[in-house]
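Chemist: Next up, model-v1.json (JSON, C-alpha atoms).
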```
[["chain", "number", "residue", "atom", "x", "y", "z"],
["N", 1, "MET", "CA", 17.95, 0.18, 14.73],
["N", 2, "ASN", "CA", 21.75, -0.17, 14.95],
["N", 3, "ASP", "CA", 21.09, -2.98, 17.42],
["N", 4, "ILE", "CA", 19.38, -4.92, 14.63],
["N", 5, "LEU", "CA", 22.44, -4.68, 12.40],
["N", 6, "GLU", "CA", 24.70, -5.89, 15.20],
["N", 7, "LYS", "CA", 22.49, -8.85, 16.13],
["N", 8, "ALA", "CA", 21.52, -9.99, 12.62],
["N", 9, "LYS", "CA", 22.90, -13.42, 11.74],
["N", 10, "PHE", "CA", 23.84, -13.65, 8.06],
["N", 11, "ASN", "CA", 24.23, -17.05, 6.39],
["N", 12, "ALA", "CA", 27.42, -18.48, 4.87],
["N", 13, "GLU", "CA", 26.82, -16.34, 1.76],
["N", 14, "GLY", "CA", 26.55, -13.20, 3.87],
["N", 15, "LEU", "CA", 22.79, -12.92, 3.34],
["N", 16, "ILE", "CA", 19.68, -12.77, 5.49],
["N", 17, "PRO", "CA", 16.12, -13.39, 4.18],
["N", 18, "ALA", "CA", 13.86, -10.34, 4.39],
["N", 19, "VAL", "CA", 10.07, -10.64, 4.50],
["N", 20, "VAL", "CA", 8.40, -7.40, 3.42],
["N", 21, "GLN", "CA", 4.96, -6.69, 4.87],
["N", 22, "ASP", "CA", 2.47, -3.88, 4.28],
["N", 23, "ALA", "CA", 2.44, -1.98, 7.58],
["N", 24, "HIS", "CA", -1.26, -1.15, 7.27],
["N", 25, "THR", "CA", -2.95, -4.16, 5.68],
["N", 26, "ARG", "CA", -0.48, -6.66, 7.25],
["N", 27, "GLU", "CA", -0.28, -8.54, 3.94],
["N", 28, "ILE", "CA", 3.01, -10.09, 2.85],
["N", 29, "LEU", "CA", 4.34, -8.30, -0.21],
["N", 30, "MET", "CA", 7.57, -10.07, -1.11],
["N", 31, "LEU", "CA", 10.54, -12.14, 0.05],
["N", 32, "ALA", "CA", 14.05, -10.99, -0.81],
["N", 33, "TYR", "CA", 17.57, -11.13, 0.61],
["N", 34, "MET", "CA", 19.78, -8.52, 2.21],
["N", 35, "ASN", "CA", 23.50, -8.46, 2.79],
["N", 36, "GLU", "CA", 24.98, -6.31, 5.55],
["N", 37, "GLU", "CA", 25.14, -3.22, 3.34],
["N", 38, "ALA", "CA", 21.53, -3.60, 2.17],
["N", 39, "LEU", "CA", 20.30, -3.95, 5.74],
["N", 40, "ARG", "CA", 22.37, -0.96, 6.86],
["N", 41, "LEU", "CA", 21.03, 1.23, 4.05],
["N", 42, "THR", "CA", 17.47, 0.07, 4.73],
["N", 43, "LEU", "CA", 17.83, 1.09, 8.38],
["N", 44, "GLN", "CA", 19.54, 4.38, 7.62],
["N", 45, "ARG", "CA", 17.54, 5.62, 4.65],
["N", 46, "ARG", "CA", 14.14, 4.20, 5.64],
["N", 47, "GLU", "CA", 13.62, 2.64, 2.21],
["N", 48, "THR", "CA", 14.22, -0.99, 1.24],
["N", 49, "TYR", "CA", 17.50, -2.19, -0.25],
["N", 50, "PHE", "CA", 18.22, -5.80, -1.21],
["N", 51, "TRP", "CA", 20.93, -8.03, -2.60],
["N", 52, "SER", "CA", 20.17, -9.61, -5.97],
["N", 53, "ARG", "CA", 21.44, -13.18, -5.97],
["N", 54, "SER", "CA", 20.99, -13.48, -9.74],
["N", 55, "ARG", "CA", 22.75, -10.24, -10.65],
["N", 56, "GLN", "CA", 25.11, -10.29, -7.67],
["N", 57, "GLU", "CA", 24.54, -6.64, -6.91],
["N", 58, "LEU", "CA", 22.85, -4.29, -4.47],
["N", 59, "TRP", "CA", 19.49, -2.88, -5.56],
["N", 60, "HIS", "CA", 17.22, -0.16, -4.25],
["N", 61, "LYS", "CA", 13.55, -1.12, -4.52],
["N", 62, "GLY", "CA", 11.86, 1.38, -6.82],
["N", 63, "ALA", "CA", 15.05, 2.92, -8.22],
["N", 64, "THR", "CA", 13.88, 2.27, -11.78],
["N", 65, "SER", "CA", 10.15, 1.55, -11.39],
["N", 66, "GLY", "CA", 9.38, 4.28, -8.87],
["N", 67, "ASN", "CA", 7.61, 1.67, -6.70],
["N", 68, "SER", "CA", 9.67, 2.29, -3.59],
["N", 69, "GLN", "CA", 8.85, 1.16, -0.06],
["N", 70, "LYS", "CA", 8.94, 3.50, 2.94],
["N", 71, "VAL", "CA", 10.23, 1.57, 5.96],
["N", 72, "VAL", "CA", 8.07, 1.82, 9.08],
["N", 73, "ASN", "CA", 9.59, -0.89, 11.30],
["N", 74, "VAL", "CA", 12.25, -3.59, 11.10],
["N", 75, "HIS", "CA", 12.24, -6.70, 13.31],
["N", 76, "LEU", "CA", 14.51, -9.72, 13.68],
["N", 77, "ASP", "CA", 12.91, -13.10, 14.31],
["N", 78, "CYS", "CA", 13.54, -15.12, 17.48],
["N", 79, "ASP", "CA", 16.66, -16.74, 15.97],
["N", 80, "GLN", "CA", 17.87, -13.41, 14.57],
["N", 81, "ASP", "CA", 18.50, -15.04, 11.18],
["N", 82, "SER", "CA", 15.64, -13.46, 9.24],
["N", 83, "VAL", "CA", 14.17, -9.98, 9.18],
["N", 84, "LEU", "CA", 10.64, -8.61, 8.88],
["N", 85, "VAL", "CA", 10.39, -5.21, 7.22],
["N", 86, "GLU", "CA", 7.12, -3.32, 7.64],
["N", 87, "VAL", "CA", 6.62, -0.78, 4.86],
["N", 88, "GLU", "CA", 4.26, 1.71, 3.30],
["N", 89, "PRO", "CA", 4.36, 0.66, -0.38],
["N", 90, "ARG", "CA", 4.49, 3.39, -2.98],
["N", 91, "GLY", "CA", 3.20, 1.23, -5.78],
["N", 92, "PRO", "CA", 3.12, -2.50, -6.57],
["N", 93, "ALA", "CA", 5.70, -4.74, -4.88],
["N", 94, "CYS", "CA", 5.92, -7.29, -7.70],
["N", 95, "HIS", "CA", 7.74, -6.75, -11.01],
["N", 96, "THR", "CA", 4.58, -8.01, -12.74],
["N", 97, "GLY", "CA", 2.70, -4.95, -11.49],
["N", 98, "SER", "CA", 0.83, -6.86, -8.76],
["N", 99, "TYR", "CA", 0.39, -5.47, -5.28],
["N", 100, "SER", "CA", 2.09, -8.56, -3.85],
["N", 101, "CYS", "CA", 4.48, -11.18, -5.25],
["N", 102, "PHE", "CA", 2.25, -13.82, -3.66],
["N", 103, "GLN", "CA", -0.72, -14.63, -5.86],
["N", 104, "VAL", "CA", -3.42, -14.64, -3.23],
["N", 105, "GLU", "CA", -6.75, -12.86, -3.24],
["N", 106, "PRO", "CA", -6.24, -9.76, -1.08],
["N", 107, "ALA", "CA", -8.45, -9.05, 1.89],
["N", 108, "LEU", "CA", -10.89, -6.16, 1.55],
["N", 109, "GLU", "CA", -8.52, -3.69, 3.17],
["N", 110, "GLY", "CA", -5.69, -4.91, 0.96],
["N", 111, "PHE", "CA", -7.80, -4.52, -2.16],
["N", 112, "LEU", "CA", -8.84, -0.99, -1.22],
["N", 113, "ASN", "CA", -5.19, -0.18, -0.56],
["N", 114, "GLN", "CA", -4.31, -1.44, -4.06],
["N", 115, "LEU", "CA", -7.06, 0.70, -5.55],
["N", 116, "TYR", "CA", -5.82, 3.73, -3.62],
["N", 117, "MET", "CA", -2.27, 3.21, -4.92],
["N", 118, "LEU", "CA", -3.54, 2.82, -8.49],
["N", 119, "ILE", "CA", -5.51, 6.06, -8.25],
["N", 120, "GLU", "CA", -2.43, 7.79, -6.81],
["N", 121, "GLN", "CA", -0.46, 6.62, -9.85],
["N", 122, "ARG", "CA", -3.15, 7.93, -12.16],
["N", 123, "LYS", "CA", -2.93, 11.33, -10.46],
["N", 124, "GLU", "CA", 0.85, 11.43, -10.82],
["N", 125, "GLN", "CA", 1.13, 10.04, -14.37],
["N", 126, "ARG", "CA", -2.15, 11.30, -15.91],
["N", 127, "PRO", "CA", -2.36, 8.65, -18.68],
["N", 128, "GLU", "CA", -4.45, 9.76, -21.67],
["N", 129, "GLY", "CA", -7.90, 8.21, -22.00],
["N", 130, "SER", "CA", -8.20, 7.39, -18.29],
["N", 131, "TYR", "CA", -11.43, 8.39, -16.56],
["N", 132, "THR", "CA", -9.44, 8.93, -13.37],
["N", 133, "THR", "CA", -7.13, 11.32, -15.22],
["N", 134, "TYR", "CA", -10.24, 13.19, -16.44],
["N", 135, "LEU", "CA", -11.45, 13.62, -12.86],
["N", 136, "PHE", "CA", -8.11, 14.95, -11.60],
["N", 137, "ASP", "CA", -7.74, 17.25, -14.60],
["N", 138, "SER", "CA", -11.26, 18.59, -13.97],
["N", 139, "GLY", "CA", -10.42, 19.54, -10.39],
["N", 140, "LEU", "CA", -11.91, 19.26, -6.91],
["N", 141, "ASP", "CA", -15.35, 20.67, -7.73],
["N", 142, "LYS", "CA", -15.92, 18.03, -10.42],
["N", 143, "ILE", "CA", -14.80, 15.25, -8.04],
["N", 144, "LEU", "CA", -17.12, 16.56, -5.31],
["N", 145, "LYS", "CA", -20.00, 16.68, -7.78],
["N", 146, "LYS", "CA", -19.41, 13.05, -8.77],
["N", 147, "VAL", "CA", -19.27, 11.94, -5.11],
["N", 148, "GLY", "CA", -22.60, 13.69, -4.51],
["N", 149, "GLU", "CA", -24.18, 12.10, -7.59],
["N", 150, "GLU", "CA", -22.96, 8.62, -6.66],
["N", 151, "ALA", "CA", -24.13, 9.02, -3.06],
["N", 152, "THR", "CA", -27.60, 9.97, -4.29],
["N", 153, "GLU", "CA", -27.70, 7.03, -6.71],
["N", 154, "THR", "CA", -26.64, 4.69, -3.90],
["N", 155, "VAL", "CA", -29.50, 5.93, -1.71],
["N", 156, "ILE", "CA", -31.99, 5.45, -4.54],
["N", 157, "ALA", "CA", -30.65, 1.93, -5.22],
["N", 158, "ALA", "CA", -31.03, 1.06, -1.54],
["N", 159, "LYS", "CA", -34.74, 1.86, -1.73],
["N", 160, "ASN", "CA", -35.22, -0.84, -4.38],
["N", 161, "PRO", "CA", -35.18, -4.64, -3.97],
["N", 162, "ASP", "CA", -32.41, -5.22, -6.55],
["N", 163, "ALA", "CA", -29.28, -5.96, -4.48],
["N", 164, "SER", "CA", -27.08, -6.04, -7.57],
["N", 165, "ARG", "CA", -27.96, -2.41, -8.33],
["N", 166, "LEU", "CA", -27.03, -1.40, -4.79],
["N", 167, "THR", "CA", -23.74, -3.30, -5.12],
["N", 168, "ALA", "CA", -22.88, -1.50, -8.36],
["N", 169, "GLU", "CA", -23.76, 1.94, -7.05],
["N", 170, "THR", "CA", -21.82, 1.37, -3.83],
["N", 171, "ALA", "CA", -18.76, 0.35, -5.86],
["N", 172, "ASP", "CA", -19.06, 3.60, -7.86],
["N", 173, "LEU", "CA", -19.36, 5.60, -4.66],
["N", 174, "LEU", "CA", -16.33, 3.95, -3.06],
["N", 175, "TYR", "CA", -14.23, 4.58, -6.16],
["N", 176, "HIS", "CA", -15.12, 8.27, -6.28],
["N", 177, "LEU", "CA", -14.58, 8.64, -2.54],
["N", 178, "ILE", "CA", -11.06, 7.27, -2.91],
["N", 179, "VAL", "CA", -10.42, 9.68, -5.78],
["N", 180, "LEU", "CA", -11.49, 12.47, -3.42],
["N", 181, "LEU", "CA", -9.21, 11.19, -0.64],
["N", 182, "VAL", "CA", -6.23, 11.06, -3.01],
["N", 183, "GLU", "CA", -7.01, 14.56, -4.28],
["N", 184, "ARG", "CA", -7.07, 15.92, -0.73],
["N", 185, "GLY", "CA", -4.08, 13.89, 0.48],
["N", 186, "VAL", "CA", -5.99, 11.79, 3.00],
["N", 187, "GLY", "CA", -4.80, 8.18, 3.33],
["N", 188, "LEU", "CA", -6.94, 5.12, 3.98],
["N", 189, "GLU", "CA", -4.89, 4.60, 7.14],
["N", 190, "ASP", "CA", -6.19, 7.98, 8.37],
["N", 191, "ILE", "CA", -9.76, 6.75, 7.98],
["N", 192, "VAL", "CA", -8.99, 3.44, 9.70],
["N", 193, "ARG", "CA", -7.26, 5.23, 12.58],
["N", 194, "GLU", "CA", -10.25, 7.54, 13.05],
["N", 195, "LEU", "CA", -12.65, 4.58, 13.13],
["N", 196, "LYS", "CA", -10.48, 2.74, 15.66],
["N", 197, "GLU", "CA", -10.31, 5.79, 17.90],
["N", 198, "ARG", "CA", -14.08, 6.13, 17.79],
["N", 199, "ARG", "CA", -14.54, 2.45, 18.65],
["N", 200, "GLN", "CA", -12.11, 2.71, 21.55],
["N", 201, "GLY", "CA", -13.82, 5.88, 22.74],
["N", 202, "ARG", "CA", -17.21, 4.17, 22.86],
["N", 203, "GLY", "CA", -15.67, 1.22, 24.67],
["N", 204, "ALA", "CA", -14.14, 3.48, 27.28],
["N", 205, "GLY", "CA", -17.48, 5.16, 27.86]]
```
Could I get this structure in the form of structure tokens?

Modeler:
Amino acid sequence: MNDILEKAKFNAEGLIPAVVQDAHTREILMLAYMNEEALRLTLQRRETYFWSRSRQELWHKGATSGNSQKVVNVHLDCDQDSVLVEVEPRGPACHTGSYSCFQVEPALEGFLNQLYMLIEQRKEQRPEGSYTTYLFDSGLDKILKKVGEEATETVIAAKNPDASRLTAETADLLYHLIVLLVERGVGLEDIVRELKERRQGRGAG
């Protein structure tokens, strides 16, 4: 990592553009700038730091919003004058509350990741009137009961010709499954890794 700091080529203003990417979904979250101190802190503390060109000051992503970014990898490009930062986002990247600063329709995995983060926030903040808050307040047994009910309703819907009913019930099941994963501390990346290992295992056989 220190090698990156030594090789990085900062522009005449002492800045280097930093592209921030979700390490799991591979979606681009934001573009910002780092000076030498911001890059050094990012490498050392494993969270993103940037230089605000408008405020002319160093800022730690998530210091006020709580939406920090855990650094997984940092790479320089071939010219060593821009940096790619792979992160695990702990909340939305954009100040508008969006998952990404780039207004593009997320891929399925990206959307599920957004939903997972939103449900995590509901668990932490417990806003009044939220159905998700109700589930977490009710505890694991209630969540398990809802997963069972939604699984049964999905099976019943699949036996009927109405595809829209199956779509709706599957959406309910997925939502409640993610609530269960958050409650038990299992990440979507854990599920993806397990599926990949199974696929590779079958290929090897």

Chemist: For stretch 18-28 of chain N, work out the shell of residues within 8 Å, counting all atoms listed in the file and skipping chain neighbours fewer than 6 positions away, then give it as a list of chain:residue names.

Modeler: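 What passes the distance filter is N:Met34, N:Val72, N:Ser82, N:Val83, N:Leu84, N:Val85, N:Glu86, N:Val87, N:Glu88, N:Pro89, N:Ser100, N:Phe102, N:Pro106, N:Glu109, N:Gly110, N:Asn113, N:Glu189.
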
Chemist: Pick out the closest residue to N:Glu149 from this set: N:Leu173, N:Ala8, N:Leu135, N:Leu58. Count all atoms listed in the file.

Modeler: N:Leu173

Chemist: Residues near N:Tyr116, anyone? I mean within 12 Å using all atoms listed in the file, not counting same-chain ones fewer than 4 positions away, as a list in words.

Modeler: Pro89, Arg90, Gly91, Pro92, Tyr99, Glu109, Gly110, Phe111, Leu112, Glu120, Gln121, Arg122, Lys123, Thr132, Leu174, Tyr175, His176, Leu177, Ile178, Val179, Leu180, Leu181, Val182, Glu183, Gly185, Val186, Gly187, Leu188 and Glu189 of chain N

Chemist: Please indicate the distance in Å from atom CA of N:Ala32 to atom CA of N:Leu108, rounded to one decimal place.

Modeler: 25.5 Å

Chemist: How many Å separate atom CA of N:Ser130 from atom CA of N:Met117?

Modeler: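 The value is 15.2 Å.
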
Chemist: Just to confirm, what's the straight-line distance from atom CA of N:Asp137 to atom CA of N:Ser98 in Å (one decimal)?

Modeler: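 Value for the atom CA of N:Asp137-atom CA of N:Ser98 distance: 26.2 Å.
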
Chemist: Find the residue from N:Leu195, N:Val147, N:Leu76, N:Ala157 that sits nearest to N:Asp172; use all atoms listed in the file when measuring.

Modeler: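 Using all atoms listed in the file, the shortest distance to N:Asp172 belongs to N:Val147.
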
Chemist: Which residue is closest to N:Thr42? Choose from N:Lys159, N:Gly14, N:Met30, N:Val71 and count only C-alpha atoms.

Modeler: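 Once distances to N:Thr42 are computed over only C-alpha atoms, the minimum belongs to N:Val71.
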
Chemist: Please reconstruct the missing atoms of stretch 3-39 of chain N (target: N, CA and C atoms) and return them as a PDB file, in the coordinates of the input.

Modeler:
```pdb
ATOM      1  N   ASP N   3      21.077  -1.724  16.685  1.00  0.00           N
ATOM      2  CA  ASP N   3      21.090  -2.980  17.420  1.00  0.00           C
ATOM      3  C   ASP N   3      20.719  -4.141  16.506  1.00  0.00           C
ATOM      4  N   ILE N   4      19.807  -3.893  15.581  1.00  0.00           N
ATOM      5  CA  ILE N   4      19.380  -4.920  14.630  1.00  0.00           C
ATOM      6  C   ILE N   4      20.552  -5.338  13.751  1.00  0.00           C
ATOM      7  N   LEU N   5      21.307  -4.379  13.269  1.00  0.00           N
ATOM      8  CA  LEU N   5      22.440  -4.680  12.400  1.00  0.00           C
ATOM      9  C   LEU N   5      23.508  -5.481  13.137  1.00  0.00           C
ATOM     10  N   GLU N   6      23.690  -5.182  14.406  1.00  0.00           N
ATOM     11  CA  GLU N   6      24.700  -5.890  15.200  1.00  0.00           C
ATOM     12  C   GLU N   6      24.273  -7.319  15.517  1.00  0.00           C
ATOM     13  N   LYS N   7      22.975  -7.534  15.714  1.00  0.00           N
ATOM     14  CA  LYS N   7      22.490  -8.850  16.130  1.00  0.00           C
ATOM     15  C   LYS N   7      22.151  -9.763  14.944  1.00  0.00           C
ATOM     16  N   ALA N   8      21.934  -9.190  13.775  1.00  0.00           N
ATOM     17  CA  ALA N   8      21.520  -9.990  12.620  1.00  0.00           C
ATOM     18  C   ALA N   8      22.537 -11.072  12.293  1.00  0.00           C
ATOM     19  N   LYS N   9      22.036 -12.287  12.069  1.00  0.00           N
ATOM     20  CA  LYS N   9      22.900 -13.420  11.740  1.00  0.00           C
ATOM     21  C   LYS N   9      22.786 -13.725  10.245  1.00  0.00           C
ATOM     22  N   PHE N  10      23.816 -13.404   9.502  1.00  0.00           N
ATOM     23  CA  PHE N  10      23.840 -13.650   8.060  1.00  0.00           C
ATOM     24  C   PHE N  10      24.310 -15.065   7.795  1.00  0.00           C
ATOM     25  N   ASN N  11      23.839 -15.670   6.704  1.00  0.00           N
ATOM     26  CA  ASN N  11      24.230 -17.050   6.390  1.00  0.00           C
ATOM     27  C   ASN N  11      25.643 -17.098   5.815  1.00  0.00           C
ATOM     28  N   ALA N  12      26.049 -18.291   5.361  1.00  0.00           N
ATOM     29  CA  ALA N  12      27.420 -18.480   4.870  1.00  0.00           C
ATOM     30  C   ALA N  12      27.715 -17.608   3.652  1.00  0.00           C
ATOM     31  N   GLU N  13      26.651 -17.198   2.928  1.00  0.00           N
ATOM     32  CA  GLU N  13      26.820 -16.340   1.760  1.00  0.00           C
ATOM     33  C   GLU N  13      26.766 -14.861   2.122  1.00  0.00           C
ATOM     34  N   GLY N  14      26.626 -14.591   3.425  1.00  0.00           N
ATOM     35  CA  GLY N  14      26.550 -13.200   3.870  1.00  0.00           C
ATOM     36  C   GLY N  14      25.191 -12.573   3.662  1.00  0.00           C
ATOM     37  N   LEU N  15      24.131 -13.412   3.600  1.00  0.00           N
ATOM     38  CA  LEU N  15      22.790 -12.920   3.340  1.00  0.00           C
ATOM     39  C   LEU N  15      21.824 -13.266   4.460  1.00  0.00           C
ATOM     40  N   ILE N  16      20.750 -12.492   4.542  1.00  0.00           N
ATOM     41  CA  ILE N  16      19.680 -12.770   5.490  1.00  0.00           C
ATOM     42  C   ILE N  16      18.354 -12.587   4.754  1.00  0.00           C
ATOM     43  N   PRO N  17      17.408 -13.547   4.866  1.00  0.00           N
ATOM     44  CA  PRO N  17      16.120 -13.390   4.180  1.00  0.00           C
ATOM     45  C   PRO N  17      15.313 -12.253   4.806  1.00  0.00           C
ATOM     46  N   ALA N  18      14.656 -11.478   3.945  1.00  0.00           N
ATOM     47  CA  ALA N  18      13.860 -10.340   4.390  1.00  0.00           C
ATOM     48  C   ALA N  18      12.424 -10.490   3.899  1.00  0.00           C
ATOM     49  N   VAL N  19      11.491 -10.586   4.823  1.00  0.00           N
ATOM     50  CA  VAL N  19      10.070 -10.640   4.500  1.00  0.00           C
ATOM     51  C   VAL N  19       9.532  -9.212   4.562  1.00  0.00           C
ATOM     52  N   VAL N  20       8.930  -8.760   3.472  1.00  0.00           N
ATOM     53  CA  VAL N  20       8.400  -7.400   3.420  1.00  0.00           C
ATOM     54  C   VAL N  20       6.883  -7.448   3.573  1.00  0.00           C
ATOM     55  N   GLN N  21       6.380  -6.664   4.525  1.00  0.00           N
ATOM     56  CA  GLN N  21       4.960  -6.690   4.870  1.00  0.00           C
ATOM     57  C   GLN N  21       4.385  -5.276   4.805  1.00  0.00           C
ATOM     58  N   ASP N  22       3.167  -5.157   4.276  1.00  0.00           N
ATOM     59  CA  ASP N  22       2.470  -3.880   4.280  1.00  0.00           C
ATOM     60  C   ASP N  22       2.143  -3.517   5.731  1.00  0.00           C
ATOM     61  N   ALA N  23       2.615  -2.374   6.184  1.00  0.00           N
ATOM     62  CA  ALA N  23       2.440  -1.980   7.580  1.00  0.00           C
ATOM     63  C   ALA N  23       0.988  -1.745   7.960  1.00  0.00           C
ATOM     64  N   HIS N  24       0.141  -1.475   6.974  1.00  0.00           N
ATOM     65  CA  HIS N  24      -1.260  -1.150   7.270  1.00  0.00           C
ATOM     66  C   HIS N  24      -2.188  -2.338   7.065  1.00  0.00           C
ATOM     67  N   THR N  25      -2.048  -3.039   5.947  1.00  0.00           N
ATOM     68  CA  THR N  25      -2.950  -4.160   5.680  1.00  0.00           C
ATOM     69  C   THR N  25      -2.445  -5.454   6.299  1.00  0.00           C
ATOM     70  N   ARG N  26      -1.150  -5.495   6.668  1.00  0.00           N
ATOM     71  CA  ARG N  26      -0.480  -6.660   7.250  1.00  0.00           C
ATOM     72  C   ARG N  26      -0.283  -7.785   6.238  1.00  0.00           C
ATOM     73  N   GLU N  27      -0.487  -7.512   4.970  1.00  0.00           N
ATOM     74  CA  GLU N  27      -0.280  -8.540   3.940  1.00  0.00           C
ATOM     75  C   GLU N  27       1.192  -8.636   3.566  1.00  0.00           C
ATOM     76  N   ILE N  28       1.639  -9.859   3.278  1.00  0.00           N
ATOM     77  CA  ILE N  28       3.010 -10.090   2.850  1.00  0.00           C
ATOM     78  C   ILE N  28       3.158  -9.662   1.399  1.00  0.00           C
ATOM     79  N   LEU N  29       4.155  -8.829   1.129  1.00  0.00           N
ATOM     80  CA  LEU N  29       4.340  -8.300  -0.210  1.00  0.00           C
ATOM     81  C   LEU N  29       5.381  -9.054  -1.012  1.00  0.00           C
ATOM     82  N   MET N  30       6.485  -9.431  -0.376  1.00  0.00           N
ATOM     83  CA  MET N  30       7.570 -10.070  -1.110  1.00  0.00           C
ATOM     84  C   MET N  30       8.574 -10.692  -0.148  1.00  0.00           C
ATOM     85  N   LEU N  31       9.407 -11.565  -0.681  1.00  0.00           N
ATOM     86  CA  LEU N  31      10.540 -12.140   0.050  1.00  0.00           C
ATOM     87  C   LEU N  31      11.785 -11.855  -0.769  1.00  0.00           C
ATOM     88  N   ALA N  32      12.794 -11.283  -0.130  1.00  0.00           N
ATOM     89  CA  ALA N  32      14.050 -10.990  -0.810  1.00  0.00           C
ATOM     90  C   ALA N  32      15.194 -11.247   0.161  1.00  0.00           C
ATOM     91  N   TYR N  33      16.403 -10.918  -0.254  1.00  0.00           N
ATOM     92  CA  TYR N  33      17.570 -11.130   0.610  1.00  0.00           C
ATOM     93  C   TYR N  33      18.346  -9.826   0.770  1.00  0.00           C
ATOM     94  N   MET N  34      18.946  -9.672   1.924  1.00  0.00           N
ATOM     95  CA  MET N  34      19.780  -8.520   2.210  1.00  0.00           C
ATOM     96  C   MET N  34      21.171  -8.990   2.633  1.00  0.00           C
ATOM     97  N   ASN N  35      22.191  -8.276   2.173  1.00  0.00           N
ATOM     98  CA  ASN N  35      23.500  -8.460   2.790  1.00  0.00           C
ATOM     99  C   ASN N  35      23.659  -7.371   3.847  1.00  0.00           C
ATOM    100  N   GLU N  36      24.803  -7.278   4.460  1.00  0.00           N
ATOM    101  CA  GLU N  36      24.980  -6.310   5.550  1.00  0.00           C
ATOM    102  C   GLU N  36      24.779  -4.875   5.057  1.00  0.00           C
ATOM    103  N   GLU N  37      25.283  -4.580   3.869  1.00  0.00           N
ATOM    104  CA  GLU N  37      25.140  -3.220   3.340  1.00  0.00           C
ATOM    105  C   GLU N  37      23.684  -2.884   3.055  1.00  0.00           C
ATOM    106  N   ALA N  38      22.945  -3.833   2.473  1.00  0.00           N
ATOM    107  CA  ALA N  38      21.530  -3.600   2.170  1.00  0.00           C
ATOM    108  C   ALA N  38      20.732  -3.349   3.436  1.00  0.00           C
ATOM    109  N   LEU N  39      21.005  -4.134   4.483  1.00  0.00           N
ATOM    110  CA  LEU N  39      20.300  -3.950   5.740  1.00  0.00           C
ATOM    111  C   LEU N  39      20.658  -2.602   6.361  1.00  0.00           C
TER     112      LEU N  39
END
```
